[in-house]
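One file, target-v4.csv, carrying CSV, N, CA and C atoms and all ligand atoms:
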```csv
chain,number,residue,atom,x,y,z
A,283,MET,N,0.8,-1.2,0.0
A,283,MET,CA,0.0,0.0,0.0
A,283,MET,C,0.9,1.2,0.0
A,284,SER,N,0.6,2.1,-1.0
A,284,SER,CA,1.4,3.3,-1.0
A,284,SER,C,0.4,4.5,-0.9
A,285,LYS,N,1.0,5.6,-0.6
A,285,LYS,CA,0.2,6.8,-0.4
A,285,LYS,C,0.0,7.7,-1.6
A,286,GLY,N,0.8,7.4,-2.7
A,286,GLY,CA,0.8,8.2,-3.8
A,286,GLY,C,-0.3,8.0,-4.8
A,287,THR,N,0.0,8.3,-6.0
A,287,THR,CA,-1.0,8.2,-7.1
A,287,THR,C,-1.7,6.8,-7.2
A,288,PRO,N,-0.9,5.7,-7.1
A,288,PRO,CA,-1.6,4.4,-7.3
A,288,PRO,C,-2.7,4.1,-6.4
A,289,SER,N,-2.6,4.6,-5.1
A,289,SER,CA,-3.7,4.3,-4.2
A,289,SER,C,-5.0,5.1,-4.5
A,290,LYS,N,-4.9,6.1,-5.3
A,290,LYS,CA,-6.1,6.9,-5.7
A,290,LYS,C,-7.0,6.1,-6.6
A,291,GLY,N,-6.5,5.0,-7.2
A,291,GLY,CA,-7.3,4.2,-8.1
A,291,GLY,C,-8.4,3.4,-7.3
A,292,LYS,N,-8.4,3.3,-6.0
A,292,LYS,CA,-9.4,2.6,-5.3
A,292,LYS,C,-10.5,3.5,-4.8
A,293,ARG,N,-10.5,4.7,-5.3
A,293,ARG,CA,-11.5,5.7,-4.8
A,293,ARG,C,-12.8,5.6,-5.6
A,294,ASN,N,-13.2,4.4,-6.1
A,294,ASN,CA,-14.4,4.3,-6.8
A,294,ASN,C,-15.6,3.8,-5.9
A,295,LYS,N,-15.3,3.4,-4.7
A,295,LYS,CA,-16.3,3.0,-3.8
A,295,LYS,C,-16.5,4.1,-2.7
A,296,GLN,N,-17.7,4.3,-2.3
A,296,GLN,CA,-17.9,5.3,-1.2
A,296,GLN,C,-18.7,4.6,-0.1
A,297,ASN,N,-18.3,4.8,1.1
A,297,ASN,CA,-18.9,4.2,2.2
A,297,ASN,C,-19.9,5.2,2.9
A,298,HIS,N,-19.7,6.5,2.6
A,298,HIS,CA,-20.6,7.5,3.3
A,298,HIS,C,-21.5,8.1,2.2
A,299,ILE,N,-22.8,8.2,2.5
A,299,ILE,CA,-23.7,8.9,1.7
A,299,ILE,C,-24.3,10.0,2.5
A,300,ALA,N,-25.1,10.8,1.8
A,300,ALA,CA,-25.7,12.0,2.5
A,300,ALA,C,-26.6,11.5,3.6
A,301,CYS,N,-26.5,12.1,4.8
A,301,CYS,CA,-27.3,11.7,6.0
A,301,CYS,C,-28.6,12.4,5.9
A,302,ARG,N,-29.7,11.7,6.3
A,302,ARG,CA,-31.0,12.2,6.2
A,302,ARG,C,-31.2,13.3,7.2
A,303,ARG,N,-30.5,13.2,8.3
A,303,ARG,CA,-30.7,14.2,9.4
A,303,ARG,C,-29.9,15.4,9.3
A,304,CYS,N,-28.5,15.2,9.1
A,304,CYS,CA,-27.7,16.4,9.1
A,304,CYS,C,-27.3,16.8,7.7
A,305,GLY,N,-27.5,16.0,6.7
A,305,GLY,CA,-27.2,16.4,5.3
A,305,GLY,C,-25.8,16.3,4.9
A,306,SER,N,-24.9,15.9,5.8
A,306,SER,CA,-23.5,15.8,5.4
A,306,SER,C,-23.2,14.4,4.9
A,307,ILE,N,-22.2,14.2,4.1
A,307,ILE,CA,-21.8,12.9,3.5
A,307,ILE,C,-21.1,12.1,4.6
A,308,SER,N,-21.9,11.7,5.6
A,308,SER,CA,-21.3,11.1,6.8
A,308,SER,C,-22.1,9.8,7.2
A,309,PHE,N,-23.1,9.5,6.5
A,309,PHE,CA,-23.9,8.3,6.8
A,309,PHE,C,-23.2,7.1,6.2
A,310,HIS,N,-22.7,6.2,7.0
A,310,HIS,CA,-22.0,5.0,6.5
A,310,HIS,C,-23.0,4.0,6.0
A,311,LEU,N,-22.7,3.5,4.8
A,311,LEU,CA,-23.6,2.6,4.1
A,311,LEU,C,-23.7,1.2,4.8
A,312,ARG,N,-22.6,0.7,5.3
A,312,ARG,CA,-22.6,-0.6,5.9
A,312,ARG,C,-22.9,-0.5,7.4
A,313,HIS,N,-22.4,0.5,8.0
A,313,HIS,CA,-22.6,0.7,9.5
A,313,HIS,C,-24.0,1.2,9.8
A,314,LYS,N,-24.6,1.9,8.8
A,314,LYS,CA,-25.9,2.5,8.9
A,314,LYS,C,-25.9,3.5,10.1
A,315,ILE,N,-24.8,4.2,10.2
A,315,ILE,CA,-24.6,5.2,11.3
A,315,ILE,C,-23.9,6.5,10.7
A,316,CYS,N,-24.5,7.6,11.0
A,316,CYS,CA,-23.8,8.8,10.6
A,316,CYS,C,-22.7,9.2,11.5
A,317,SER,N,-21.6,9.4,11.0
A,317,SER,CA,-20.4,9.7,11.8
A,317,SER,C,-20.4,11.2,12.3
A,318,LYS,N,-21.3,12.0,11.7
A,318,LYS,CA,-21.3,13.4,12.2
A,318,LYS,C,-22.3,13.7,13.2
A,319,CYS,N,-23.6,13.2,13.0
A,319,CYS,CA,-24.6,13.5,14.0
A,319,CYS,C,-25.1,12.3,14.7
A,320,GLY,N,-24.6,11.1,14.4
A,320,GLY,CA,-24.9,9.9,15.1
A,320,GLY,C,-26.3,9.3,14.7
A,321,PHE,N,-26.8,9.7,13.6
A,321,PHE,CA,-28.1,9.2,13.1
A,321,PHE,C,-28.0,7.7,12.8
A,322,GLY,N,-28.9,6.9,13.4
A,322,GLY,CA,-28.8,5.4,13.3
A,322,GLY,C,-28.3,4.8,14.5
A,323,ARG,N,-27.6,5.6,15.3
A,323,ARG,CA,-27.1,5.0,16.6
A,323,ARG,C,-27.9,5.5,17.7
A,324,SER,N,-28.3,6.8,17.7
A,324,SER,CA,-29.1,7.3,18.8
A,324,SER,C,-30.1,8.3,18.3
A,325,SER,N,-31.1,8.6,19.0
A,325,SER,CA,-32.1,9.6,18.6
A,325,SER,C,-31.6,11.0,18.9
A,326,ARG,N,-30.6,11.0,19.8
A,326,ARG,CA,-30.0,12.4,20.1
A,326,ARG,C,-28.9,12.7,19.1
A,327,MET,N,-28.7,14.0,19.0
A,327,MET,CA,-27.6,14.4,18.1
A,327,MET,C,-26.2,14.1,18.8
A,328,ARG,N,-25.3,13.7,17.9
A,328,ARG,CA,-24.0,13.4,18.5
A,328,ARG,C,-23.3,14.8,18.8
A,329,ALA,N,-22.9,15.0,20.0
A,329,ALA,CA,-22.3,16.2,20.3
A,329,ALA,C,-21.3,16.0,21.4
A,330,PHE,N,-20.2,16.7,21.3
A,330,PHE,CA,-19.1,16.6,22.3
A,330,PHE,C,-18.7,18.1,22.7
A,331,ASP,N,-18.0,18.2,23.8
A,331,ASP,CA,-17.6,19.5,24.3
A,331,ASP,C,-16.5,20.1,23.4
A,332,TRP,N,-15.7,19.2,22.8
A,332,TRP,CA,-14.6,19.7,22.0
A,332,TRP,C,-15.1,20.2,20.6
A,333,MET,N,-16.4,20.0,20.4
A,333,MET,CA,-16.9,20.5,19.1
A,333,MET,C,-17.1,22.0,19.2
A,334,SER,N,-17.5,22.5,20.4
A,334,SER,CA,-17.8,23.9,20.5
A,334,SER,C,-16.5,24.7,20.5
A,335,LYS,N,-16.6,25.8,19.9
A,335,LYS,CA,-15.4,26.7,19.8
A,335,LYS,C,-15.2,27.4,21.2
A,336,ARG,N,-16.3,27.8,21.8
A,336,ARG,CA,-16.2,28.4,23.1
A,336,ARG,C,-16.6,27.5,24.2
A,337,SER,N,-15.6,26.9,24.8
A,337,SER,CA,-16.0,26.0,26.0
A,337,SER,C,-16.1,26.9,27.2
A,338,LYS,N,-16.9,26.4,28.1
A,338,LYS,CA,-17.2,27.3,29.3
A,338,LYS,C,-16.0,27.2,30.3
A,339,VAL,N,-15.4,26.0,30.4
A,339,VAL,CA,-14.2,25.8,31.3
A,339,VAL,C,-13.0,25.8,30.5
A,340,PRO,N,-12.1,26.8,30.7
A,340,PRO,CA,-10.8,26.8,30.0
A,340,PRO,C,-9.9,25.7,30.5
A,341,THR,N,-9.2,25.0,29.6
A,341,THR,CA,-8.4,23.9,30.0
A,341,THR,C,-7.0,24.4,30.4
A,342,HIS,N,-6.7,25.6,30.1
A,342,HIS,CA,-5.3,26.1,30.5
A,342,HIS,C,-5.3,27.4,31.2
B,401,ZN,ZN,-25.9,12.8,10.1
```
Go ahead and render the structure in this file as structure tokens.
Amino acid sequence: MSKGTPSKGKRNKQNHIACRRCGSISFHLRHKICSKCGFGRSSRMRAFDWMSKRSKVPTH
């Protein structure tokens, strides 16, 4: 496996399609789970503290 031009030939398959909930190309076809919003895994939106730009508690 190389990182250069030869490996680009395997880019004919896509695992992620447009998510019905968030609209981004993050819904995995085989996993049936959106990697961005968590659609298919839980009814709640996937959200973490590190996503927000302004966190309430400064870490430093
Ligand atoms: Zn989604």
Residues within 6.5 Å of ligand ZN 401 (chain B), counting only N, CA and C atoms and all ligand atoms, as a VMD selection string: chain A and resid 301 to 306 308 to 309 316 to 321
Separation of atom C of Arg336 in chain A from CA of Ile315 in chain A, in Å and rounded to one decimal: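 According to the coordinates, atom C of Arg336 in chain A and CA of Ile315 in chain A are separated by 27.0 Å.
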In range 299-339 of chain A, DSSP strand (DSSP E or B) residues written as a ChimeraX atom specification: /A:299-300,307-310,316
Length of the atom N of Arg323 in chain A to CA of Gln296 in chain A vector [Å]: 19.1 Å
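What separates CA of Asp331 in chain A from CA of Arg312 in chain A is a distance of 27.7 Å.
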Residues within 6 Å of (-21.6, 5.1, 2.7), file coords, only C-alpha atoms, listed as a list of chain:residue names: A:Gln296, A:Asn297, A:His298, A:Ile299, A:Phe309, A:His310, A:Leu311
Contacts of range 292-295 of chain A at 12 Å (only C-alpha atoms; same-chain gap of 5+ positions) as a PyMOL selection string: chain A and resi 283-287+310-311
Please produce a file of those selected residues containing N, CA and C atoms, as an mmCIF file, keeping the file's coordinate frame.
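In the end it all went to part.cif:
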```
data_model
loop_
_atom_site.group_PDB
_atom_site.id
_atom_site.type_symbol
_atom_site.label_atom_id
_atom_site.label_comp_id
_atom_site.auth_asym_id
_atom_site.auth_seq_id
_atom_site.Cartn_x
_atom_site.Cartn_y
_atom_site.Cartn_z
ATOM 1 N N MET A 283 0.800 -1.200 0.000
ATOM 2 C CA MET A 283 0.000 0.000 0.000
ATOM 3 C C MET A 283 0.900 1.200 0.000
ATOM 4 N N SER A 284 0.600 2.100 -1.000
ATOM 5 C CA SER A 284 1.400 3.300 -1.000
ATOM 6 C C SER A 284 0.400 4.500 -0.900
ATOM 7 N N LYS A 285 1.000 5.600 -0.600
ATOM 8 C CA LYS A 285 0.200 6.800 -0.400
ATOM 9 C C LYS A 285 0.000 7.700 -1.600
ATOM 10 N N GLY A 286 0.800 7.400 -2.700
ATOM 11 C CA GLY A 286 0.800 8.200 -3.800
ATOM 12 C C GLY A 286 -0.300 8.000 -4.800
ATOM 13 N N THR A 287 0.000 8.300 -6.000
ATOM 14 C CA THR A 287 -1.000 8.200 -7.100
ATOM 15 C C THR A 287 -1.700 6.800 -7.200
ATOM 16 N N HIS A 310 -22.700 6.200 7.000
ATOM 17 C CA HIS A 310 -22.000 5.000 6.500
ATOM 18 C C HIS A 310 -23.000 4.000 6.000
ATOM 19 N N LEU A 311 -22.700 3.500 4.800
ATOM 20 C CA LEU A 311 -23.600 2.600 4.100
ATOM 21 C C LEU A 311 -23.700 1.200 4.800
#
```
Secondary structure check, helix (DSSP H, G or I) residues of range 284-342 of chain A, as JSON, numbers by chain: {"A": [287, 288, 289, 290, 291, 292, 331, 332, 333]}
Please complete range 305-316 of chain A with N, CA, C and O atoms and give it back as a PDB file, in the frame of the given file.
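Just written: result20.pdb:
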```pdb
ATOM      1  N   GLY A 305     -27.500  16.000   6.700  1.00  0.00           N
ATOM      2  CA  GLY A 305     -27.200  16.400   5.300  1.00  0.00           C
ATOM      3  C   GLY A 305     -25.800  16.300   4.900  1.00  0.00           C
ATOM      4  O   GLY A 305     -25.525  16.469   3.702  1.00  0.00           O
ATOM      5  N   SER A 306     -24.900  15.900   5.800  1.00  0.00           N
ATOM      6  CA  SER A 306     -23.500  15.800   5.400  1.00  0.00           C
ATOM      7  C   SER A 306     -23.200  14.400   4.900  1.00  0.00           C
ATOM      8  O   SER A 306     -23.996  13.449   5.165  1.00  0.00           O
ATOM      9  N   ILE A 307     -22.200  14.200   4.100  1.00  0.00           N
ATOM     10  CA  ILE A 307     -21.800  12.900   3.500  1.00  0.00           C
ATOM     11  C   ILE A 307     -21.100  12.100   4.600  1.00  0.00           C
ATOM     12  O   ILE A 307     -19.924  11.907   4.590  1.00  0.00           O
ATOM     13  N   SER A 308     -21.900  11.700   5.600  1.00  0.00           N
ATOM     14  CA  SER A 308     -21.300  11.100   6.800  1.00  0.00           C
ATOM     15  C   SER A 308     -22.100   9.800   7.200  1.00  0.00           C
ATOM     16  O   SER A 308     -21.712   9.178   8.171  1.00  0.00           O
ATOM     17  N   PHE A 309     -23.100   9.500   6.500  1.00  0.00           N
ATOM     18  CA  PHE A 309     -23.900   8.300   6.800  1.00  0.00           C
ATOM     19  C   PHE A 309     -23.200   7.100   6.200  1.00  0.00           C
ATOM     20  O   PHE A 309     -23.158   6.945   4.944  1.00  0.00           O
ATOM     21  N   HIS A 310     -22.700   6.200   7.000  1.00  0.00           N
ATOM     22  CA  HIS A 310     -22.000   5.000   6.500  1.00  0.00           C
ATOM     23  C   HIS A 310     -23.000   4.000   6.000  1.00  0.00           C
ATOM     24  O   HIS A 310     -23.974   3.603   6.644  1.00  0.00           O
ATOM     25  N   LEU A 311     -22.700   3.500   4.800  1.00  0.00           N
ATOM     26  CA  LEU A 311     -23.600   2.600   4.100  1.00  0.00           C
ATOM     27  C   LEU A 311     -23.700   1.200   4.800  1.00  0.00           C
ATOM     28  O   LEU A 311     -24.773   0.616   4.916  1.00  0.00           O
ATOM     29  N   ARG A 312     -22.600   0.700   5.300  1.00  0.00           N
ATOM     30  CA  ARG A 312     -22.600  -0.600   5.900  1.00  0.00           C
ATOM     31  C   ARG A 312     -22.900  -0.500   7.400  1.00  0.00           C
ATOM     32  O   ARG A 312     -23.545  -1.385   7.955  1.00  0.00           O
ATOM     33  N   HIS A 313     -22.400   0.500   8.000  1.00  0.00           N
ATOM     34  CA  HIS A 313     -22.600   0.700   9.500  1.00  0.00           C
ATOM     35  C   HIS A 313     -24.000   1.200   9.800  1.00  0.00           C
ATOM     36  O   HIS A 313     -24.529   1.032  10.849  1.00  0.00           O
ATOM     37  N   LYS A 314     -24.600   1.900   8.800  1.00  0.00           N
ATOM     38  CA  LYS A 314     -25.900   2.500   8.900  1.00  0.00           C
ATOM     39  C   LYS A 314     -25.900   3.500  10.100  1.00  0.00           C
ATOM     40  O   LYS A 314     -26.834   3.651  10.848  1.00  0.00           O
ATOM     41  N   ILE A 315     -24.800   4.200  10.200  1.00  0.00           N
ATOM     42  CA  ILE A 315     -24.600   5.200  11.300  1.00  0.00           C
ATOM     43  C   ILE A 315     -23.900   6.500  10.700  1.00  0.00           C
ATOM     44  O   ILE A 315     -22.966   6.342   9.928  1.00  0.00           O
ATOM     45  N   CYS A 316     -24.500   7.600  11.000  1.00  0.00           N
ATOM     46  CA  CYS A 316     -23.800   8.800  10.600  1.00  0.00           C
ATOM     47  C   CYS A 316     -22.700   9.200  11.500  1.00  0.00           C
ATOM     48  O   CYS A 316     -22.897   9.175  12.753  1.00  0.00           O
TER      49      CYS A 316
END
```
